[in-house]
>>> print(open('my_file.pdb').read())   # PDB, N, CA and C atoms
ATOM      1  N   LEU E  20     -38.293 -21.520 -54.089
ATOM      2  CA  LEU E  20     -39.434 -21.219 -53.249
ATOM      3  C   LEU E  20     -39.418 -19.742 -52.850
ATOM      4  N   ARG E  21     -38.240 -19.212 -52.600
ATOM      5  CA  ARG E  21     -38.128 -17.785 -52.248
ATOM      6  C   ARG E  21     -38.594 -16.900 -53.420
ATOM      7  N   ALA E  22     -38.228 -17.290 -54.628
ATOM      8  CA  ALA E  22     -38.658 -16.525 -55.802
ATOM      9  C   ALA E  22     -40.171 -16.587 -55.960
ATOM     10  N   THR E  23     -40.743 -17.732 -55.677
ATOM     11  CA  THR E  23     -42.195 -17.874 -55.772
ATOM     12  C   THR E  23     -42.877 -17.023 -54.707
ATOM     13  N   LEU E  24     -42.293 -16.946 -53.514
ATOM     14  CA  LEU E  24     -42.838 -16.069 -52.473
ATOM     15  C   LEU E  24     -42.826 -14.611 -52.925
ATOM     16  N   ALA E  25     -41.726 -14.201 -53.515
ATOM     17  CA  ALA E  25     -41.631 -12.823 -54.007
ATOM     18  C   ALA E  25     -42.672 -12.570 -55.096
ATOM     19  N   GLU E  26     -42.864 -13.549 -55.958
ATOM     20  CA  GLU E  26     -43.866 -13.432 -57.016
ATOM     21  C   GLU E  26     -45.270 -13.315 -56.428
ATOM     22  N   LEU E  27     -45.546 -14.092 -55.375
ATOM     23  CA  LEU E  27     -46.840 -14.023 -54.706
ATOM     24  C   LEU E  27     -47.066 -12.641 -54.096
ATOM     25  N   GLU E  28     -46.058 -12.098 -53.461
ATOM     26  CA  GLU E  28     -46.185 -10.765 -52.868
ATOM     27  C   GLU E  28     -46.469  -9.706 -53.935
ATOM     28  N   GLN E  29     -45.798  -9.793 -55.060
ATOM     29  CA  GLN E  29     -46.046  -8.848 -56.150
ATOM     30  C   GLN E  29     -47.468  -8.980 -56.664
ATOM     31  N   GLU E  30     -47.933 -10.208 -56.809
ATOM     32  CA  GLU E  30     -49.293 -10.450 -57.311
ATOM     33  C   GLU E  30     -50.320  -9.909 -56.320
ATOM     34  N   LEU E  31     -50.086 -10.104 -55.031
ATOM     35  CA  LEU E  31     -51.007  -9.594 -54.012
ATOM     36  C   LEU E  31     -51.103  -8.069 -54.057
ATOM     37  N   GLN E  32     -49.977  -7.417 -54.264
ATOM     38  CA  GLN E  32     -49.970  -5.961 -54.329
ATOM     39  C   GLN E  32     -50.707  -5.442 -55.552
ATOM     40  N   ALA E  33     -50.731  -6.225 -56.606
ATOM     41  CA  ALA E  33     -51.353  -5.793 -57.858
ATOM     42  C   ALA E  33     -52.851  -6.085 -57.915
ATOM     43  N   LEU E  34     -53.383  -6.851 -56.971
ATOM     44  CA  LEU E  34     -54.790  -7.231 -57.000
ATOM     45  C   LEU E  34     -55.648  -6.212 -56.274
ATOM     46  N   PRO E  35     -56.478  -5.471 -56.995
ATOM     47  CA  PRO E  35     -57.330  -4.482 -56.336
ATOM     48  C   PRO E  35     -58.592  -5.075 -55.723
ATOM     49  N   SER E  36     -58.994  -6.267 -56.176
ATOM     50  CA  SER E  36     -60.295  -6.790 -55.773
ATOM     51  C   SER E  36     -60.240  -7.797 -54.624
ATOM     52  N   VAL E  37     -59.118  -7.892 -53.932
ATOM     53  CA  VAL E  37     -58.999  -8.815 -52.811
ATOM     54  C   VAL E  37     -59.412  -8.081 -51.541
ATOM     55  N   ASP E  38     -60.336  -8.708 -50.773
ATOM     56  CA  ASP E  38     -60.771  -8.056 -49.543
ATOM     57  C   ASP E  38     -59.634  -8.060 -48.521
ATOM     58  N   ASP E  39     -59.710  -7.134 -47.566
ATOM     59  CA  ASP E  39     -58.639  -6.952 -46.598
ATOM     60  C   ASP E  39     -58.367  -8.210 -45.766
ATOM     61  N   GLU E  40     -59.410  -8.908 -45.374
ATOM     62  CA  GLU E  40     -59.236 -10.117 -44.553
ATOM     63  C   GLU E  40     -58.438 -11.179 -45.303
ATOM     64  N   THR E  41     -58.759 -11.372 -46.568
ATOM     65  CA  THR E  41     -58.056 -12.359 -47.380
ATOM     66  C   THR E  41     -56.620 -11.936 -47.618
ATOM     67  N   ARG E  42     -56.429 -10.668 -47.915
ATOM     68  CA  ARG E  42     -55.073 -10.147 -48.150
ATOM     69  C   ARG E  42     -54.206 -10.359 -46.905
ATOM     70  N   VAL E  43     -54.754 -10.046 -45.739
ATOM     71  CA  VAL E  43     -54.008 -10.224 -44.493
ATOM     72  C   VAL E  43     -53.685 -11.696 -44.262
ATOM     73  N   ALA E  44     -54.636 -12.580 -44.524
ATOM     74  CA  ALA E  44     -54.413 -14.015 -44.336
ATOM     75  C   ALA E  44     -53.296 -14.519 -45.249
ATOM     76  N   LEU E  45     -53.297 -14.081 -46.496
ATOM     77  CA  LEU E  45     -52.252 -14.506 -47.431
ATOM     78  C   LEU E  45     -50.896 -13.923 -47.055
ATOM     79  N   GLN E  46     -50.876 -12.664 -46.626
ATOM     80  CA  GLN E  46     -49.618 -12.056 -46.208
ATOM     81  C   GLN E  46     -49.066 -12.757 -44.974
ATOM     82  N   ASP E  47     -49.957 -13.169 -44.064
ATOM     83  CA  ASP E  47     -49.529 -13.921 -42.888
ATOM     84  C   ASP E  47     -48.914 -15.249 -43.305
ATOM     85  N   ALA E  48     -49.524 -15.916 -44.260
ATOM     86  CA  ALA E  48     -48.983 -17.183 -44.757
ATOM     87  C   ALA E  48     -47.611 -16.975 -45.386
ATOM     88  N   VAL E  49     -47.448 -15.897 -46.131
ATOM     89  CA  VAL E  49     -46.155 -15.581 -46.754
ATOM     90  C   VAL E  49     -45.096 -15.390 -45.671
ATOM     91  N   GLU E  50     -45.421 -14.644 -44.638
ATOM     92  CA  GLU E  50     -44.464 -14.408 -43.558
ATOM     93  C   GLU E  50     -44.126 -15.701 -42.818
ATOM     94  N   THR E  51     -45.102 -16.564 -42.630
ATOM     95  CA  THR E  51     -44.859 -17.843 -41.976
ATOM     96  C   THR E  51     -43.908 -18.699 -42.804
ATOM     97  N   ILE E  52     -44.139 -18.745 -44.104
ATOM     98  CA  ILE E  52     -43.265 -19.514 -45.001
ATOM     99  C   ILE E  52     -41.863 -18.929 -44.982
ATOM    100  N   ARG E  53     -41.766 -17.616 -45.079
ATOM    101  CA  ARG E  53     -40.454 -16.969 -45.075
ATOM    102  C   ARG E  53     -39.712 -17.295 -43.771
ATOM    103  N   GLY E  54     -40.419 -17.266 -42.663
ATOM    104  CA  GLY E  54     -39.793 -17.595 -41.384
ATOM    105  C   GLY E  54     -39.264 -19.017 -41.352
ATOM    106  N   ARG E  55     -40.044 -19.961 -41.900
ATOM    107  CA  ARG E  55     -39.602 -21.356 -41.936
ATOM    108  C   ARG E  55     -38.373 -21.521 -42.827
ATOM    109  N   LEU E  56     -38.314 -20.772 -43.910
ATOM    110  CA  LEU E  56     -37.160 -20.874 -44.801
ATOM    111  C   LEU E  56     -35.915 -20.244 -44.186
ATOM    112  N   ASN E  57     -36.096 -19.179 -43.419
ATOM    113  CA  ASN E  57     -34.965 -18.439 -42.854
ATOM    114  C   ASN E  57     -34.430 -19.022 -41.551
ATOM    115  N   GLU E  58     -35.228 -19.759 -40.838
ATOM    116  CA  GLU E  58     -34.820 -20.243 -39.519
ATOM    117  C   GLU E  58     -34.855 -21.763 -39.475
ATOM    118  N   SER E  59     -33.782 -22.373 -39.895
ATOM    119  CA  SER E  59     -33.751 -23.835 -39.981
ATOM    120  C   SER E  59     -33.790 -24.496 -38.607
ATOM    121  N   ASN E  60     -33.383 -23.811 -37.539
ATOM    122  CA  ASN E  60     -33.381 -24.410 -36.203
ATOM    123  C   ASN E  60     -34.683 -24.178 -35.456
ATOM    124  N   ARG E  61     -35.601 -23.510 -36.067
ATOM    125  CA  ARG E  61     -36.878 -23.205 -35.423
ATOM    126  C   ARG E  61     -37.676 -24.494 -35.215
ATOM    127  N   PRO E  62     -38.359 -24.624 -34.076
ATOM    128  CA  PRO E  62     -39.169 -25.824 -33.853
ATOM    129  C   PRO E  62     -40.248 -25.969 -34.927
ATOM    130  N   GLN E  63     -40.653 -27.202 -35.182
ATOM    131  CA  GLN E  63     -41.670 -27.471 -36.197
ATOM    132  C   GLN E  63     -42.969 -26.745 -35.885
ATOM    133  N   THR E  64     -43.507 -26.057 -36.878
ATOM    134  CA  THR E  64     -44.829 -25.467 -36.750
ATOM    135  C   THR E  64     -45.830 -26.504 -37.230
ATOM    136  N   GLN E  65     -47.077 -26.186 -37.170
ATOM    137  CA  GLN E  65     -48.088 -27.114 -37.645
ATOM    138  C   GLN E  65     -48.190 -27.003 -39.160
ATOM    139  N   PRO E  66     -47.550 -27.910 -39.898
ATOM    140  CA  PRO E  66     -47.535 -27.797 -41.359
ATOM    141  C   PRO E  66     -48.916 -27.871 -41.977
ATOM    142  N   SER E  67     -49.789 -28.673 -41.418
ATOM    143  CA  SER E  67     -51.113 -28.775 -42.021
ATOM    144  C   SER E  67     -51.846 -27.449 -41.961
ATOM    145  N   SER E  68     -51.615 -26.682 -40.919
ATOM    146  CA  SER E  68     -52.254 -25.380 -40.779
ATOM    147  C   SER E  68     -51.845 -24.458 -41.928
ATOM    148  N   LEU E  69     -50.567 -24.409 -42.228
ATOM    149  CA  LEU E  69     -50.064 -23.548 -43.290
ATOM    150  C   LEU E  69     -50.553 -24.016 -44.647
ATOM    151  N   THR E  70     -50.431 -25.292 -44.934
ATOM    152  CA  THR E  70     -50.870 -25.775 -46.234
ATOM    153  C   THR E  70     -52.381 -25.683 -46.379
ATOM    154  N   GLU E  71     -53.102 -25.859 -45.284
ATOM    155  CA  GLU E  71     -54.556 -25.705 -45.346
ATOM    156  C   GLU E  71     -54.929 -24.264 -45.684
ATOM    157  N   ARG E  72     -54.250 -23.306 -45.076
ATOM    158  CA  ARG E  72     -54.540 -21.896 -45.382
ATOM    159  C   ARG E  72     -54.266 -21.590 -46.842
ATOM    160  N   LEU E  73     -53.160 -22.086 -47.354
ATOM    161  CA  LEU E  73     -52.829 -21.836 -48.762
ATOM    162  C   LEU E  73     -53.816 -22.547 -49.684
ATOM    163  N   SER E  74     -54.189 -23.765 -49.335
ATOM    164  CA  SER E  74     -55.153 -24.501 -50.161
ATOM    165  C   SER E  74     -56.507 -23.802 -50.176
ATOM    166  N   ASP E  75     -56.930 -23.277 -49.041
ATOM    167  CA  ASP E  75     -58.184 -22.524 -48.993
ATOM    168  C   ASP E  75     -58.117 -21.291 -49.889
ATOM    169  N   ALA E  76     -56.964 -20.642 -49.907
ATOM    170  CA  ALA E  76     -56.800 -19.459 -50.753
ATOM    171  C   ALA E  76     -56.878 -19.839 -52.227
ATOM    172  N   VAL E  77     -56.308 -20.975 -52.592
ATOM    173  CA  VAL E  77     -56.358 -21.437 -53.983
ATOM    174  C   VAL E  77     -57.805 -21.614 -54.419
ATOM    175  N   VAL E  78     -58.593 -22.271 -53.592
ATOM    176  CA  VAL E  78     -60.000 -22.505 -53.920
ATOM    177  C   VAL E  78     -60.726 -21.179 -54.106
ATOM    178  N   GLN E  79     -60.447 -20.229 -53.249
ATOM    179  CA  GLN E  79     -61.126 -18.938 -53.304
ATOM    180  C   GLN E  79     -60.770 -18.151 -54.570
ATOM    181  N   PHE E  80     -59.539 -18.253 -55.047
ATOM    182  CA  PHE E  80     -59.075 -17.421 -56.146
ATOM    183  C   PHE E  80     -59.095 -18.086 -57.510
ATOM    184  N   GLU E  81     -59.453 -19.352 -57.592
ATOM    185  CA  GLU E  81     -59.357 -20.092 -58.855
ATOM    186  C   GLU E  81     -59.985 -19.362 -60.040
ATOM    187  N   GLY E  82     -61.182 -18.876 -59.908
ATOM    188  CA  GLY E  82     -61.881 -18.262 -61.034
ATOM    189  C   GLY E  82     -61.437 -16.850 -61.333
ATOM    190  N   GLU E  83     -61.260 -16.055 -60.294
ATOM    191  CA  GLU E  83     -60.988 -14.629 -60.485
ATOM    192  C   GLU E  83     -59.526 -14.298 -60.738
ATOM    193  N   HIS E  84     -58.612 -15.059 -60.142
ATOM    194  CA  HIS E  84     -57.194 -14.698 -60.192
ATOM    195  C   HIS E  84     -56.332 -15.916 -60.535
ATOM    196  N   PRO E  85     -56.301 -16.308 -61.803
ATOM    197  CA  PRO E  85     -55.556 -17.513 -62.184
ATOM    198  C   PRO E  85     -54.060 -17.420 -61.898
ATOM    199  N   ASN E  86     -53.465 -16.238 -62.028
ATOM    200  CA  ASN E  86     -52.031 -16.100 -61.742
ATOM    201  C   ASN E  86     -51.747 -16.367 -60.274
ATOM    202  N   LEU E  87     -52.569 -15.807 -59.403
ATOM    203  CA  LEU E  87     -52.405 -16.018 -57.977
ATOM    204  C   LEU E  87     -52.592 -17.488 -57.634
ATOM    205  N   THR E  88     -53.558 -18.121 -58.254
ATOM    206  CA  THR E  88     -53.814 -19.541 -58.022
ATOM    207  C   THR E  88     -52.600 -20.378 -58.423
ATOM    208  N   ALA E  89     -51.997 -20.068 -59.543
ATOM    209  CA  ALA E  89     -50.824 -20.816 -60.002
ATOM    210  C   ALA E  89     -49.648 -20.636 -59.042
ATOM    211  N   ILE E  90     -49.443 -19.417 -58.568
ATOM    212  CA  ILE E  90     -48.347 -19.141 -57.630
ATOM    213  C   ILE E  90     -48.565 -19.909 -56.333
ATOM    214  N   LEU E  91     -49.784 -19.855 -55.816
ATOM    215  CA  LEU E  91     -50.090 -20.573 -54.578
ATOM    216  C   LEU E  91     -49.897 -22.076 -54.757
ATOM    217  N   GLY E  92     -50.277 -22.595 -55.899
ATOM    218  CA  GLY E  92     -50.082 -24.019 -56.176
ATOM    219  C   GLY E  92     -48.610 -24.399 -56.149
ATOM    220  N   ARG E  93     -47.769 -23.556 -56.733
ATOM    221  CA  ARG E  93     -46.322 -23.826 -56.716
ATOM    222  C   ARG E  93     -45.776 -23.775 -55.299
ATOM    223  N   LEU E  94     -46.269 -22.829 -54.484
ATOM    224  CA  LEU E  94     -45.828 -22.752 -53.094
ATOM    225  C   LEU E  94     -46.220 -24.004 -52.320
ATOM    226  N   ILE E  95     -47.435 -24.451 -52.499
ATOM    227  CA  ILE E  95     -47.900 -25.649 -51.809
ATOM    228  C   ILE E  95     -47.039 -26.851 -52.203
ATOM    229  N   ASP E  96     -46.743 -26.989 -53.491
ATOM    230  CA  ASP E  96     -45.912 -28.096 -53.968
ATOM    231  C   ASP E  96     -44.505 -28.008 -53.378
ATOM    232  N   GLY E  97     -43.937 -26.809 -53.364
ATOM    233  CA  GLY E  97     -42.597 -26.625 -52.822
ATOM    234  C   GLY E  97     -42.534 -26.930 -51.336
ATOM    235  N   LEU E  98     -43.534 -26.491 -50.593
ATOM    236  CA  LEU E  98     -43.581 -26.774 -49.164
ATOM    237  C   LEU E  98     -43.716 -28.272 -48.916
ATOM    238  N   ALA E  99     -44.529 -28.936 -49.708
ATOM    239  CA  ALA E  99     -44.702 -30.375 -49.558
ATOM    240  C   ALA E  99     -43.392 -31.119 -49.813
ATOM    241  N   GLN E 100     -42.639 -30.672 -50.802
ATOM    242  CA  GLN E 100     -41.368 -31.308 -51.112
ATOM    243  C   GLN E 100     -40.359 -31.118 -49.992
ATOM    244  N   MET E 101     -40.484 -29.986 -49.274
ATOM    245  CA  MET E 101     -39.588 -29.707 -48.146
ATOM    246  C   MET E 101     -40.068 -30.343 -46.856
ATOM    247  N   GLY E 102     -41.250 -30.902 -46.874
ATOM    248  CA  GLY E 102     -41.802 -31.500 -45.667
ATOM    249  C   GLY E 102     -42.373 -30.499 -44.702
ATOM    250  N   ILE E 103     -42.699 -29.323 -45.214
ATOM    251  CA  ILE E 103     -43.281 -28.263 -44.377
ATOM    252  C   ILE E 103     -44.772 -28.286 -44.491
TER     253      ILE E 103
END
>>> encode(input="my_file.pdb", output="structure tokens")
Amino acid sequence: LRATLAELEQELQALPSVDDETRVALQDAVETIRGRLNESNRPQTQPSSLTERLSDAVVQFEGEHPNLTAILGRLIDGLAQMGI
């Protein structure tokens, strides 16, 4: 999951056509995921909120950015397997 996060960050940096609001939302999601992975004693966050944000991003990028869509899909699957 950490490798997929790194891949997502690289893909975000390489995308010139992503508006600032979307880029910020995705970067926020990345930081939230990283925090959950790094802090096992942290109280439960609202998992549906995080997965909903990522799912919304997938829908938005499906046509224009297939690589980003695939990365986000893997993140969503990994988070679901972890119960996040």
>>> closest_residue(input="my_file.pdb", among="E:Leu31, E:Leu56, E:Ala99, E:Leu91", to="E:Val43", atoms="only C-alpha atoms")
E:Leu31
>>> resolve_selection(input="my_file.pdb", expression="the PyMOL selection byres (((chain E and resi 49 and name CA) around 10) and name CA)", output="list in words")
Arg21, Leu24, Ala25, Leu27, Glu28, Val43, Ala44, Leu45, Gln46, Asp47, Ala48, Glu50, Thr51, Ile52, Arg53, Gly54, Arg55, Leu69, Leu73 and Leu94 of chain E
>>> select_by_dssp(input="my_file.pdb", residues="chain E", states="helix (DSSP H, G or I)", output="PyMOL selection string")
chain E and resi 21-33+39-57+66-80+85-101
>>> resolve_selection(input="my_file.pdb", expression="the PyMOL selection byres (((chain E and resi 87 and name CA) around 10) and name CA)", output="PyMOL selection string")
chain E and resi 26-31+34+76-77+80-81+83-86+88-93
>>> atom_distance(input="my_file.pdb", atom1="atom CA of E:Gly97", atom2="atom CA of E:Thr70")
10.6 Å
